[in-house]
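*Asks:* The structure file input.txt (compact mmCIF, C-alpha atoms and all ligand atoms) is provided below.
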```
# COMPACT_ATOMS: atom_id res chain seq x y z
CA MET A 1 97.92 -100.68 -321.53
CA THR A 2 97.12 -97.32 -323.04
CA ARG A 3 93.61 -96.08 -322.53
CA MET A 4 92.69 -94.70 -325.94
CA SER A 5 89.51 -93.09 -324.71
CA GLU A 6 91.26 -90.91 -322.14
CA PRO A 7 91.06 -87.30 -323.36
CA PRO A 8 94.34 -85.34 -323.38
CA ALA A 9 94.98 -83.29 -320.27
CA VAL A 10 95.16 -79.59 -321.03
CA PRO A 11 96.63 -77.68 -318.09
CA ALA A 12 95.77 -74.02 -317.54
CA LEU A 13 99.46 -73.22 -317.89
CA ASP A 14 102.48 -75.23 -319.06
CA LEU A 15 105.85 -73.65 -318.31
CA LYS A 16 107.91 -76.76 -319.03
CA ALA A 17 107.35 -76.55 -322.79
CA GLN A 18 108.90 -73.08 -322.88
CA TYR A 19 111.90 -74.07 -320.80
CA GLN A 20 112.57 -77.11 -322.98
CA ALA A 21 112.54 -74.93 -326.11
CA ILE A 22 115.16 -72.49 -324.78
CA ARG A 23 117.14 -74.49 -322.24
CA ASP A 24 120.26 -74.36 -324.48
CA GLU A 25 120.21 -70.58 -324.11
CA ILE A 26 119.17 -70.49 -320.46
CA ASP A 27 121.47 -73.04 -318.86
CA PRO A 28 124.76 -71.30 -319.85
CA VAL A 29 123.68 -67.91 -318.47
CA VAL A 30 122.58 -69.52 -315.21
CA ARG A 31 125.95 -71.29 -314.99
CA SER A 32 127.77 -68.04 -315.66
CA VAL A 33 125.96 -66.28 -312.80
CA LEU A 34 126.88 -69.24 -310.58
CA GLU A 35 130.52 -68.95 -311.65
CA SER A 36 130.51 -65.21 -310.96
CA GLN A 37 128.84 -65.66 -307.53
CA TYR A 38 127.41 -62.17 -308.11
CA PHE A 39 123.78 -62.66 -307.07
CA ILE A 40 122.21 -59.32 -306.13
CA LEU A 41 121.70 -56.42 -308.59
CA GLY A 42 124.98 -55.91 -310.53
CA PRO A 43 125.61 -56.04 -314.29
CA GLU A 44 122.89 -58.57 -315.20
CA VAL A 45 120.22 -56.45 -313.49
CA ALA A 46 121.58 -53.23 -315.03
CA GLY A 47 121.57 -54.96 -318.42
CA LEU A 48 117.96 -56.08 -318.04
CA GLU A 49 116.93 -52.60 -316.89
CA ALA A 50 118.47 -51.05 -320.00
CA GLU A 51 116.86 -53.64 -322.27
CA VAL A 52 113.39 -53.30 -320.76
CA ALA A 53 113.65 -49.49 -320.94
CA HIS A 54 114.61 -49.77 -324.60
CA TYR A 55 111.82 -52.30 -325.25
CA CYS A 56 109.21 -49.95 -323.75
CA ASP A 57 110.83 -46.84 -325.26
CA VAL A 58 111.26 -45.08 -321.92
CA PRO A 59 114.48 -43.60 -320.47
CA HIS A 60 114.51 -45.51 -317.16
CA ALA A 61 113.71 -48.91 -315.69
CA VAL A 62 114.34 -50.02 -312.10
CA GLY A 63 114.40 -53.70 -311.15
CA CYS A 64 112.87 -54.83 -307.88
CA ALA A 65 111.81 -57.97 -306.02
CA SER A 66 108.26 -58.43 -307.40
CA GLY A 67 105.44 -56.87 -309.36
CA SER A 68 103.82 -56.00 -306.06
CA ASP A 69 106.88 -53.95 -305.06
CA ALA A 70 106.90 -52.43 -308.56
CA LEU A 71 103.54 -50.90 -307.58
CA LEU A 72 104.62 -49.93 -304.07
CA LEU A 73 107.98 -48.31 -304.94
CA PRO A 74 106.65 -45.63 -307.33
CA LEU A 75 103.82 -44.74 -304.94
CA LEU A 76 106.34 -44.29 -302.10
CA ALA A 77 108.73 -42.38 -304.38
CA LEU A 78 105.87 -40.04 -305.30
CA GLY A 79 105.34 -39.37 -301.60
CA VAL A 80 101.90 -41.01 -301.48
CA GLY A 81 100.99 -41.75 -297.86
CA PRO A 82 98.42 -41.38 -295.09
CA GLY A 83 95.66 -38.93 -295.92
CA ASP A 84 96.05 -39.47 -299.67
CA GLU A 85 93.77 -41.36 -302.03
CA VAL A 86 94.70 -43.45 -305.05
CA ILE A 87 92.16 -44.54 -307.65
CA THR A 88 92.09 -47.98 -309.24
CA SER A 89 89.56 -50.63 -310.29
CA PRO A 90 88.37 -53.30 -307.86
CA TYR A 91 88.52 -56.09 -310.48
CA THR A 92 92.24 -56.89 -310.38
CA PHE A 93 94.83 -58.95 -308.57
CA PHE A 94 95.05 -58.04 -304.89
CA ALA A 95 98.48 -56.40 -305.16
CA THR A 96 97.06 -53.33 -306.93
CA GLY A 97 94.96 -52.42 -303.89
CA GLY A 98 97.48 -53.83 -301.42
CA ALA A 99 100.24 -51.50 -302.64
CA ILE A 100 98.00 -48.45 -302.15
CA TRP A 101 97.06 -49.65 -298.66
CA ARG A 102 100.68 -50.34 -297.69
CA THR A 103 101.59 -46.67 -298.29
CA GLY A 104 98.92 -45.66 -295.77
CA ALA A 105 96.79 -44.10 -298.52
CA LYS A 106 93.17 -45.06 -299.17
CA PRO A 107 92.28 -47.13 -302.23
CA VAL A 108 89.35 -45.54 -304.06
CA PHE A 109 87.66 -47.85 -306.52
CA VAL A 110 86.12 -47.07 -309.89
CA ASP A 111 84.14 -49.68 -311.80
CA ILE A 112 85.28 -51.34 -315.03
CA GLU A 113 84.13 -51.30 -318.62
CA PRO A 114 81.91 -54.36 -318.98
CA ASP A 115 83.58 -55.63 -322.15
CA THR A 116 87.34 -55.08 -321.59
CA TYR A 117 87.28 -55.41 -317.76
CA ASN A 118 89.58 -52.35 -317.54
CA ILE A 119 88.80 -49.20 -315.52
CA ASP A 120 86.06 -47.10 -317.15
CA PRO A 121 87.64 -43.68 -317.80
CA ALA A 122 84.21 -42.02 -317.87
CA LEU A 123 83.69 -42.85 -314.18
CA ILE A 124 87.05 -41.58 -312.88
CA GLU A 125 86.34 -37.86 -312.51
CA ALA A 126 83.47 -38.44 -310.08
CA ALA A 127 85.87 -40.33 -307.76
CA ILE A 128 88.50 -37.58 -307.62
CA THR A 129 88.73 -35.54 -304.41
CA PRO A 130 91.26 -32.93 -303.19
CA ARG A 131 93.10 -35.87 -301.56
CA THR A 132 93.55 -37.88 -304.77
CA LYS A 133 97.23 -38.24 -305.68
CA ALA A 134 97.44 -40.92 -308.34
CA LEU A 135 95.58 -43.24 -310.71
CA ILE A 136 96.49 -46.88 -311.26
CA PRO A 137 94.87 -48.21 -314.43
CA VAL A 138 95.33 -52.00 -314.66
CA HIS A 139 95.92 -53.51 -318.11
CA LEU A 140 93.94 -56.60 -317.24
CA TYR A 141 94.56 -59.94 -318.97
CA GLY A 142 97.06 -58.28 -321.35
CA GLN A 143 95.09 -55.44 -322.93
CA SER A 144 95.86 -51.79 -322.24
CA ALA A 145 93.34 -49.65 -320.44
CA ASP A 146 91.96 -46.73 -322.46
CA MET A 147 94.88 -44.43 -321.62
CA ASP A 148 94.13 -41.19 -323.50
CA PRO A 149 91.07 -40.18 -321.45
CA ILE A 150 92.80 -41.44 -318.28
CA ASN A 151 95.87 -39.25 -318.92
CA GLU A 152 93.61 -36.36 -319.87
CA VAL A 153 91.70 -36.38 -316.57
CA ALA A 154 94.95 -36.97 -314.64
CA ALA A 155 96.56 -33.93 -316.29
CA ARG A 156 93.54 -31.78 -315.52
CA TYR A 157 93.73 -32.63 -311.80
CA GLY A 158 97.54 -32.89 -311.54
CA LEU A 159 97.55 -36.64 -310.72
CA SER A 160 100.29 -39.18 -311.39
CA VAL A 161 99.45 -42.16 -313.56
CA LEU A 162 101.01 -45.52 -312.65
CA GLU A 163 100.21 -48.36 -315.05
CA ASP A 164 99.69 -51.78 -313.51
CA ALA A 165 101.24 -53.55 -316.49
CA ALA A 166 101.96 -56.79 -314.61
CA GLN A 167 99.93 -58.77 -317.16
CA ALA A 168 100.70 -56.64 -320.18
CA ILE A 169 104.38 -56.39 -321.14
CA GLY A 170 104.52 -55.90 -324.92
CA ALA A 171 100.89 -54.79 -325.18
CA ARG A 172 100.28 -51.61 -327.16
CA TYR A 173 97.85 -48.72 -327.08
CA LYS A 174 97.67 -46.60 -330.24
CA GLY A 175 101.02 -48.05 -331.26
CA ARG A 176 102.89 -47.32 -328.02
CA ARG A 177 103.91 -50.06 -325.61
CA THR A 178 102.75 -50.33 -322.03
CA GLY A 179 105.41 -48.91 -319.75
CA ALA A 180 105.38 -45.70 -321.78
CA LEU A 181 101.69 -44.87 -321.36
CA GLY A 182 101.83 -43.08 -317.99
CA GLN A 183 104.39 -41.52 -315.69
CA SER A 184 105.51 -44.95 -314.47
CA ALA A 185 104.53 -48.59 -314.94
CA ALA A 186 104.82 -51.77 -312.89
CA PHE A 187 105.86 -55.05 -314.52
CA SER A 188 105.87 -58.45 -312.83
CA PHE A 189 108.20 -61.32 -313.71
CA TYR A 190 106.18 -63.87 -311.73
CA PRO A 191 106.59 -67.16 -313.61
CA SER A 192 103.06 -67.14 -315.10
CA LYS A 193 103.39 -63.67 -316.60
CA ASN A 194 104.22 -63.23 -320.30
CA LEU A 195 107.85 -62.51 -319.37
CA GLY A 196 108.28 -64.83 -316.40
CA GLY A 197 111.39 -65.52 -314.37
CA PHE A 198 112.37 -68.60 -312.36
CA GLY A 199 111.03 -67.00 -309.20
CA ASP A 200 109.80 -63.58 -308.16
CA GLY A 201 110.88 -60.35 -309.79
CA GLY A 202 109.54 -57.02 -310.97
CA MET A 203 110.48 -53.77 -312.67
CA ILE A 204 109.27 -50.19 -312.90
CA ALA A 205 109.52 -48.33 -316.19
CA THR A 206 109.36 -44.55 -315.99
CA THR A 207 109.86 -41.38 -317.99
CA ASP A 208 110.75 -39.46 -314.81
CA SER A 209 114.46 -39.49 -313.91
CA ALA A 210 113.99 -38.11 -310.38
CA LEU A 211 111.41 -40.81 -309.67
CA ALA A 212 113.76 -43.49 -311.04
CA GLN A 213 116.58 -42.30 -308.79
CA ARG A 214 114.41 -42.29 -305.70
CA MET A 215 113.06 -45.79 -306.43
CA ALA A 216 116.59 -47.11 -306.97
CA ARG A 217 117.45 -45.79 -303.51
CA LEU A 218 114.27 -46.97 -301.79
CA ARG A 219 114.85 -50.57 -302.96
CA VAL A 220 118.14 -50.62 -300.98
CA HIS A 221 116.91 -49.21 -297.67
CA GLY A 222 117.13 -45.61 -298.87
CA MET A 223 120.91 -45.95 -299.01
CA GLU A 224 123.24 -43.87 -301.18
CA PRO A 225 126.17 -44.21 -301.03
CA LYS A 226 126.80 -47.31 -298.94
CA TYR A 227 125.65 -46.98 -295.31
CA HIS A 228 124.30 -43.45 -295.80
CA HIS A 229 120.52 -43.63 -295.39
CA HIS A 230 118.52 -40.64 -296.60
CA GLU A 231 115.12 -42.17 -295.86
CA VAL A 232 113.77 -45.48 -294.64
CA GLY A 233 113.30 -47.74 -297.63
CA PHE A 234 113.20 -51.50 -297.69
CA ASN A 235 114.88 -54.46 -299.35
CA SER A 236 113.42 -54.97 -302.80
CA ARG A 237 116.36 -55.99 -304.94
CA LEU A 238 116.22 -58.08 -308.11
CA ASP A 239 118.42 -61.19 -308.30
CA ALA A 240 121.14 -61.48 -310.92
CA LEU A 241 119.94 -65.03 -311.68
CA GLN A 242 116.46 -63.79 -312.49
CA ALA A 243 117.83 -60.95 -314.59
CA ALA A 244 120.08 -63.29 -316.57
CA VAL A 245 117.16 -65.62 -317.32
CA LEU A 246 114.85 -62.72 -318.17
CA ARG A 247 117.37 -61.19 -320.60
CA VAL A 248 117.33 -64.43 -322.58
CA LYS A 249 113.55 -64.62 -322.45
CA LEU A 250 113.04 -60.98 -323.46
CA ARG A 251 114.58 -61.84 -326.85
CA HIS A 252 111.73 -64.33 -327.40
CA LEU A 253 108.91 -62.24 -325.98
CA ASP A 254 107.52 -60.88 -329.25
CA ALA A 255 107.46 -64.35 -330.86
CA TRP A 256 105.64 -65.75 -327.79
CA THR A 257 103.19 -62.84 -327.93
CA ASP A 258 102.46 -63.62 -331.59
CA ALA A 259 101.88 -67.27 -330.65
CA ARG A 260 99.48 -66.23 -327.85
CA ARG A 261 97.57 -64.07 -330.33
CA GLU A 262 97.30 -67.04 -332.70
CA VAL A 263 95.97 -69.18 -329.86
CA ALA A 264 93.36 -66.48 -329.19
CA GLN A 265 92.35 -66.37 -332.86
CA ARG A 266 92.01 -70.16 -332.94
CA TYR A 267 89.79 -70.07 -329.82
CA ARG A 268 87.55 -67.53 -331.56
CA ARG A 269 87.35 -69.64 -334.72
CA LEU A 270 86.57 -72.80 -332.73
CA PHE A 271 83.85 -71.09 -330.65
CA GLU A 272 82.33 -69.89 -333.92
CA GLU A 273 82.52 -73.35 -335.50
CA HIS A 274 80.84 -74.88 -332.45
CA GLU A 275 78.16 -72.16 -332.56
CA LEU A 276 78.83 -71.11 -328.99
CA LEU A 277 78.97 -67.34 -329.49
CA GLY A 278 75.45 -66.86 -328.11
CA LEU A 279 76.42 -68.64 -324.88
CA VAL A 280 80.04 -67.63 -324.35
CA GLY A 281 81.37 -64.06 -324.34
CA LEU A 282 84.84 -63.93 -325.86
CA PRO A 283 87.59 -61.38 -325.08
CA VAL A 284 86.95 -58.02 -326.75
CA GLU A 285 90.02 -56.63 -328.47
CA ARG A 286 89.79 -52.88 -328.95
CA ALA A 287 90.70 -51.59 -332.41
CA ASP A 288 93.43 -49.29 -331.00
CA CYS A 289 94.95 -51.99 -328.75
CA PHE A 290 97.41 -54.81 -329.30
CA HIS A 291 96.34 -57.46 -326.78
CA VAL A 292 99.03 -59.85 -325.49
CA TYR A 293 96.68 -62.40 -323.91
CA ASN A 294 98.34 -63.14 -320.60
CA GLN A 295 94.96 -64.73 -320.00
CA TYR A 296 92.17 -65.85 -322.31
CA VAL A 297 89.08 -65.11 -320.26
CA ILE A 298 85.60 -66.01 -321.43
CA ARG A 299 82.29 -65.09 -319.87
CA VAL A 300 79.21 -67.27 -319.35
CA PRO A 301 76.44 -64.89 -318.22
CA ASP A 302 73.58 -67.39 -318.47
CA ALA A 303 75.32 -70.47 -317.10
CA ASP A 304 76.67 -71.52 -313.72
CA ARG A 305 80.36 -70.65 -314.08
CA ASP A 306 81.41 -72.91 -311.22
CA LEU A 307 79.54 -75.89 -312.69
CA LEU A 308 81.29 -75.26 -316.00
CA ARG A 309 84.60 -75.17 -314.18
CA ALA A 310 83.90 -78.48 -312.44
CA HIS A 311 82.84 -80.03 -315.75
CA LEU A 312 86.06 -78.86 -317.44
CA SER A 313 88.09 -80.24 -314.57
CA ASN A 314 86.39 -83.62 -315.11
CA GLN A 315 87.36 -83.38 -318.76
CA ARG A 316 90.96 -82.72 -317.64
CA VAL A 317 90.91 -79.08 -318.72
CA GLY A 318 92.63 -76.71 -316.30
CA THR A 319 91.00 -73.33 -315.69
CA GLU A 320 91.34 -70.45 -313.26
CA ILE A 321 89.12 -67.69 -311.92
CA TYR A 322 90.70 -64.22 -312.16
CA TYR A 323 89.28 -62.96 -309.78
CA PRO A 324 86.39 -64.40 -307.75
CA ILE A 325 86.15 -61.58 -305.16
CA PRO A 326 86.57 -57.94 -306.20
CA LEU A 327 88.85 -55.90 -303.95
CA HIS A 328 86.08 -53.77 -302.43
CA LEU A 329 84.55 -56.94 -300.92
CA GLN A 330 87.80 -58.33 -299.47
CA VAL A 331 87.70 -58.77 -295.70
CA CYS A 332 90.94 -56.81 -295.20
CA PHE A 333 89.34 -53.75 -296.81
CA ALA A 334 86.14 -53.93 -294.75
CA SER A 335 86.97 -50.62 -293.08
CA LEU A 336 86.47 -48.90 -296.45
CA GLY A 337 82.78 -49.61 -295.87
CA HIS A 338 81.85 -51.10 -299.23
CA GLU A 339 79.04 -53.56 -299.78
CA PRO A 340 77.78 -55.80 -302.58
CA GLY A 341 76.26 -53.67 -305.32
CA ASP A 342 78.79 -50.82 -305.05
CA PHE A 343 80.61 -51.86 -308.25
CA PRO A 344 78.11 -53.99 -310.15
CA ARG A 345 80.17 -54.54 -313.31
CA SER A 346 83.13 -55.82 -311.33
CA GLU A 347 80.89 -58.06 -309.25
CA ALA A 348 79.19 -59.46 -312.36
CA ALA A 349 82.56 -60.17 -313.98
CA ALA A 350 83.82 -61.86 -310.80
CA GLY A 351 80.86 -64.25 -310.95
CA GLN A 352 80.81 -65.00 -314.67
CA THR A 353 84.35 -65.18 -316.02
CA ILE A 354 86.65 -68.15 -316.40
CA ALA A 355 90.19 -68.26 -317.77
CA LEU A 356 90.91 -71.03 -320.29
CA PRO A 357 94.29 -72.63 -320.93
CA MET A 358 96.56 -70.03 -322.57
CA TYR A 359 100.26 -70.29 -323.37
CA PRO A 360 102.28 -69.89 -326.57
CA GLU A 361 102.80 -73.63 -327.04
CA LEU A 362 99.09 -74.56 -326.77
CA THR A 363 98.19 -76.79 -329.75
CA GLU A 364 95.09 -76.66 -331.92
CA ASP A 365 94.23 -80.23 -330.85
CA ALA A 366 94.29 -79.21 -327.21
CA GLN A 367 92.12 -76.19 -327.97
CA ARG A 368 89.63 -78.42 -329.84
CA HIS A 369 89.40 -80.55 -326.74
CA VAL A 370 88.75 -77.46 -324.56
CA VAL A 371 86.04 -76.03 -326.81
CA GLY A 372 84.48 -79.47 -327.37
CA ALA A 373 84.22 -79.93 -323.62
CA ILE A 374 82.53 -76.52 -323.29
CA GLU A 375 80.07 -77.47 -326.03
CA ARG A 376 79.21 -80.70 -324.21
CA PHE A 377 78.62 -78.72 -321.02
CA PHE A 378 76.05 -76.48 -322.70
CA ALA A 379 74.43 -79.47 -324.43
CA SER A 380 73.91 -81.16 -321.05
CA GLN A 381 72.61 -77.90 -319.56
CA ARG A 382 69.96 -77.67 -322.31
CA TYR A 383 69.02 -81.29 -321.69
CA SER A 384 68.50 -80.72 -317.97
CA THR A 385 66.50 -77.54 -318.69
CA LYS A 386 64.14 -79.60 -320.90
CA GLY A 387 63.89 -82.19 -318.15
CA THR A 388 62.84 -79.49 -315.70
CA GLU A 389 60.21 -78.26 -318.12
CA ARG A 390 58.80 -81.77 -318.54
CA ALA A 391 58.70 -82.26 -314.79
CA ALA A 392 56.84 -78.97 -314.27
C1 LIG B 1 100.82 -60.50 -310.92
C2 LIG B 1 100.20 -59.19 -310.69
C3 LIG B 1 100.71 -58.27 -309.75
C4 LIG B 1 101.79 -58.61 -308.74
O1 LIG B 1 102.91 -59.17 -309.25
P1 LIG B 1 103.84 -60.13 -308.32
O2 LIG B 1 105.09 -60.22 -309.13
O3 LIG B 1 103.13 -61.42 -308.17
O4 LIG B 1 104.05 -59.44 -307.02
C5 LIG B 1 100.12 -57.02 -309.66
N1 LIG B 1 99.07 -56.69 -310.43
C6 LIG B 1 98.53 -57.54 -311.32
C7 LIG B 1 97.38 -57.10 -312.16
C8 LIG B 1 99.07 -58.81 -311.48
O5 LIG B 1 98.53 -59.67 -312.34
```
Take the structure in the file and give it back as C-alpha cells.

*Replies:*
Amino acid sequence: MTRMSEPPAVPALDLKAQYQAIRDEIDPVVRSVLESQYFILGPEVAGLEAEVAHYCDVPHAVGCASGSDALLLPLLALGVGPGDEVITSPYTFFATGGAIWRTGAKPVFVDIEPDTYNIDPALIEAAITPRTKALIPVHLYGQSADMDPINEVAARYGLSVLEDAAQAIGARYKGRRTGALGQSAAFSFYPSKNLGGFGDGGMIATTDSALAQRMARLRVHGMEPKYHHHEVGFNSRLDALQAAVLRVKLRHLDAWTDARREVAQRYRRLFEEHELLGLVGLPVERADCFHVYNQYVIRVPDADRDLLRAHLSNQRVGTEIYYPIPLHLQVCFASLGHEPGDFPRSEAAAGQTIALPMYPELTEDAQRHVVGAIERFFASQRYSTKGTERAA
C-alpha cells in the first residue's frame, strides 16, 4: 500500500540523477580506458589538463590525486616550508589549513566577511609579517572571494596568491573565471563538487610555467626523466579513468551551473513567498560575481540551527553543516594558541549556517517541500515562545 501522506524525501545531494542523464556518454569512455589498460596519467589526463586550462583561460593545468593535494603541490613548488606563514580564513574545509600545515609553514587566519563567508580583504594586511609567503583565499560555497584587493595587497608585499577554488569551478569574478584570478588555483573533483569524478581527483591551474613544471615533477616523486629524482616529491597522480569521466562532464558543466543558479533563484522566490526573509538569511550574491552554488547555505541567527536540522531530518530533508568548527578551534591546531572569540564572524557562521539540498536536478516540488518544512519549524518555534510567555 502506498502511504499518500508520506512527504517526498529530498536528499542533500543526489548524484544518481546526473549519472543516469549522461550514462550513454560516460560508459563508452570508461570502457575505452579499460580496453587501453592505461590507468595512470597518460593521454586522458593530458587532455583534461588542456581542457581545464582552456576553460579557465590559463596556460597551464596540472592534474593530481585530490583537491587537498592541489593545495599542497603549489605551496611546495613555491618553496613554502618551516618558518613561513600562509594566510587563509578559518571558515573553510579542513584541507585549506591542512595543506599549509603539511608544508611545515604556519597557518595564519583572517576572519571572513559576514555576508559572503569569504576572507575579508580589509583584514589581511594586519596579518602580514616578514614571514608571510602566500595567501589562500577560499571561494566558499561557489562564490569568488573579492580578488582585486587581495591581489593588490599581495603585490604590495610580494606574496603568492593561491585560490582554493575546490567549490568554485566555473565561478566568475568581474567576468574572469576562477583558476585565473591568482598565481595558481586548486580544484577538487571530489564527487560532490560541481565537476565531480567517480572518486578522488584534483587539478591546479596556473599562469606560471615554472611552477607548473615543478608541480608536474613533484606529483611523481620529483622524478624527471624516469628514475632521476631532483627532489623528494610524493605520489599524487590523477587516474586516466577519472580524467576520461571528467572530460565528458566538463562539457556539461556550464549547463549544470545554470541549473544550480535556477535552483538558487527558486529558493529565494519560495522564501519570499513564505515570508521567511526576516528569519532566514539567504546567500548574498555580489554584483561583480557569478556564483555557481556548490552549496546553498542559509543562516538562522535567531533560531537553534541544530533543532532546525533535526526537524528537517524528520521531514526527510537532508542537510549538512559546512563547517561546524572553524579551523582555529580544531584540536590539531591547538599549538597555534587560538581560543573562542579570536575570529567572531567565522564562529558565528559556524553556529548559524545550514546547507540545504542543492544539485542541478532538484525539482521545484522538492524545493517547496524543503521551504514548507522550514516554515513549519518557525511556526512551531513561535508557538512554543508564546507558551513560555503564558507560563511566565
Ligand atoms: C573539497 C575541498 C577541498 C579538498 O578537496 P579534496 O578533493 O576532497 O581533497 C579543499 N578545499 C575546499 C574549500 C573544499 O571544499

*Asks:* Check which residues fall inside 6 Å of ligand LIG 1 (chain B) when counting only C-alpha atoms and all ligand atoms, and print them as a PyMOL selection string.

*Replies:* chain A and resi 66-68+92-93+95-96+164+166-167+188-190+200-202

*Asks:* Go ahead and compute the interatomic distance for CA of Asp84 in chain A and CA of Pro130 in chain A, in Å to one decimal.

*Replies:*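 Separating CA of Asp84 in chain A from CA of Pro130 in chain A is a distance of 8.8 Å.
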
*Asks:* May I have the residues within 8 Å of Leu253 in chain A as a list of chain:residue names, using all atoms listed in the file and disregarding those fewer than 5 positions away in the same chain?

*Replies:*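 The residues that qualify are A:Gly170, A:Asn194, A:Leu195.
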
*Asks:* Do a neighbour search on Phe271 in chain A at 12 Å with only C-alpha atoms, toss out local chain neighbours closer than 5 positions, and write the hits as a PyMOL selection string.

*Replies:* chain A and resi 264-266+276-283+298+367-375

*Asks:* Would you kindly return, as a list in words, each protein, DNA or RNA residue with an atom no farther than 8 Å from any atom of Thr132 in chain A, considering all atoms listed in the file and excluding same-chain residues fewer than 3 positions away?

*Replies:* Asp84, Glu85, Val86, Ile87, Ile128, Thr129 and Leu159 of chain A

*Asks:* With C-alpha atoms retained, write the just-selected residues as a compact mmCIF listing (two decimals), in the coordinates of the input.

*Replies:*
```
# COMPACT_ATOMS: atom_id res chain seq x y z
CA ASP A 84 96.05 -39.47 -299.67
CA GLU A 85 93.77 -41.36 -302.03
CA VAL A 86 94.70 -43.45 -305.05
CA ILE A 87 92.16 -44.54 -307.65
CA ILE A 128 88.50 -37.58 -307.62
CA THR A 129 88.73 -35.54 -304.41
CA LEU A 159 97.55 -36.64 -310.72
```

*Asks:* Quick one: of A:Arg177, A:Arg172, A:His139, A:Arg131, who's nearest to Ala53 in chain A, counting only C-alpha atoms?

*Replies:*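 Between A:Arg177, A:Arg172, A:His139, A:Arg131, the residue approaching Ala53 in chain A most closely is A:Arg177.
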
*Asks:* Write range 7-21 of chain A as a compact mmCIF listing (two decimals), keeping the file's coordinate frame, completed to N, CA and C atoms.

*Replies:*
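selection_34.txt, written as the output of this step:
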```
# COMPACT_ATOMS: atom_id res chain seq x y z
N PRO A 7 90.79 -88.54 -322.64
CA PRO A 7 91.06 -87.30 -323.36
C PRO A 7 92.40 -86.71 -322.92
N PRO A 8 93.06 -85.92 -323.79
CA PRO A 8 94.34 -85.34 -323.38
C PRO A 8 94.12 -84.35 -322.25
N ALA A 9 95.07 -84.30 -321.33
CA ALA A 9 94.98 -83.29 -320.27
C ALA A 9 95.48 -81.97 -320.84
N VAL A 10 94.74 -80.92 -320.59
CA VAL A 10 95.16 -79.59 -321.03
C VAL A 10 95.26 -78.71 -319.79
N PRO A 11 96.50 -78.50 -319.30
CA PRO A 11 96.63 -77.68 -318.09
C PRO A 11 96.34 -76.21 -318.39
N ALA A 12 96.01 -75.46 -317.36
CA ALA A 12 95.77 -74.02 -317.54
C ALA A 12 97.04 -73.31 -318.00
N LEU A 13 98.17 -73.85 -317.57
CA LEU A 13 99.46 -73.22 -317.89
C LEU A 13 100.50 -74.32 -317.95
N ASP A 14 101.43 -74.22 -318.94
CA ASP A 14 102.48 -75.23 -319.06
C ASP A 14 103.80 -74.50 -319.27
N LEU A 15 104.58 -74.38 -318.20
CA LEU A 15 105.85 -73.65 -318.31
C LEU A 15 107.00 -74.53 -318.77
N LYS A 16 106.81 -75.87 -318.67
CA LYS A 16 107.91 -76.76 -319.03
C LYS A 16 108.21 -76.71 -320.52
N ALA A 17 107.16 -76.56 -321.33
CA ALA A 17 107.35 -76.55 -322.79
C ALA A 17 108.28 -75.40 -323.18
N GLN A 18 108.08 -74.24 -322.55
CA GLN A 18 108.90 -73.08 -322.88
C GLN A 18 110.36 -73.31 -322.47
N TYR A 19 110.53 -73.84 -321.27
CA TYR A 19 111.90 -74.07 -320.80
C TYR A 19 112.62 -75.06 -321.72
N GLN A 20 111.92 -76.14 -322.10
CA GLN A 20 112.57 -77.11 -322.98
C GLN A 20 113.01 -76.48 -324.30
N ALA A 21 112.22 -75.54 -324.81
CA ALA A 21 112.54 -74.93 -326.11
C ALA A 21 113.77 -74.03 -326.03
```
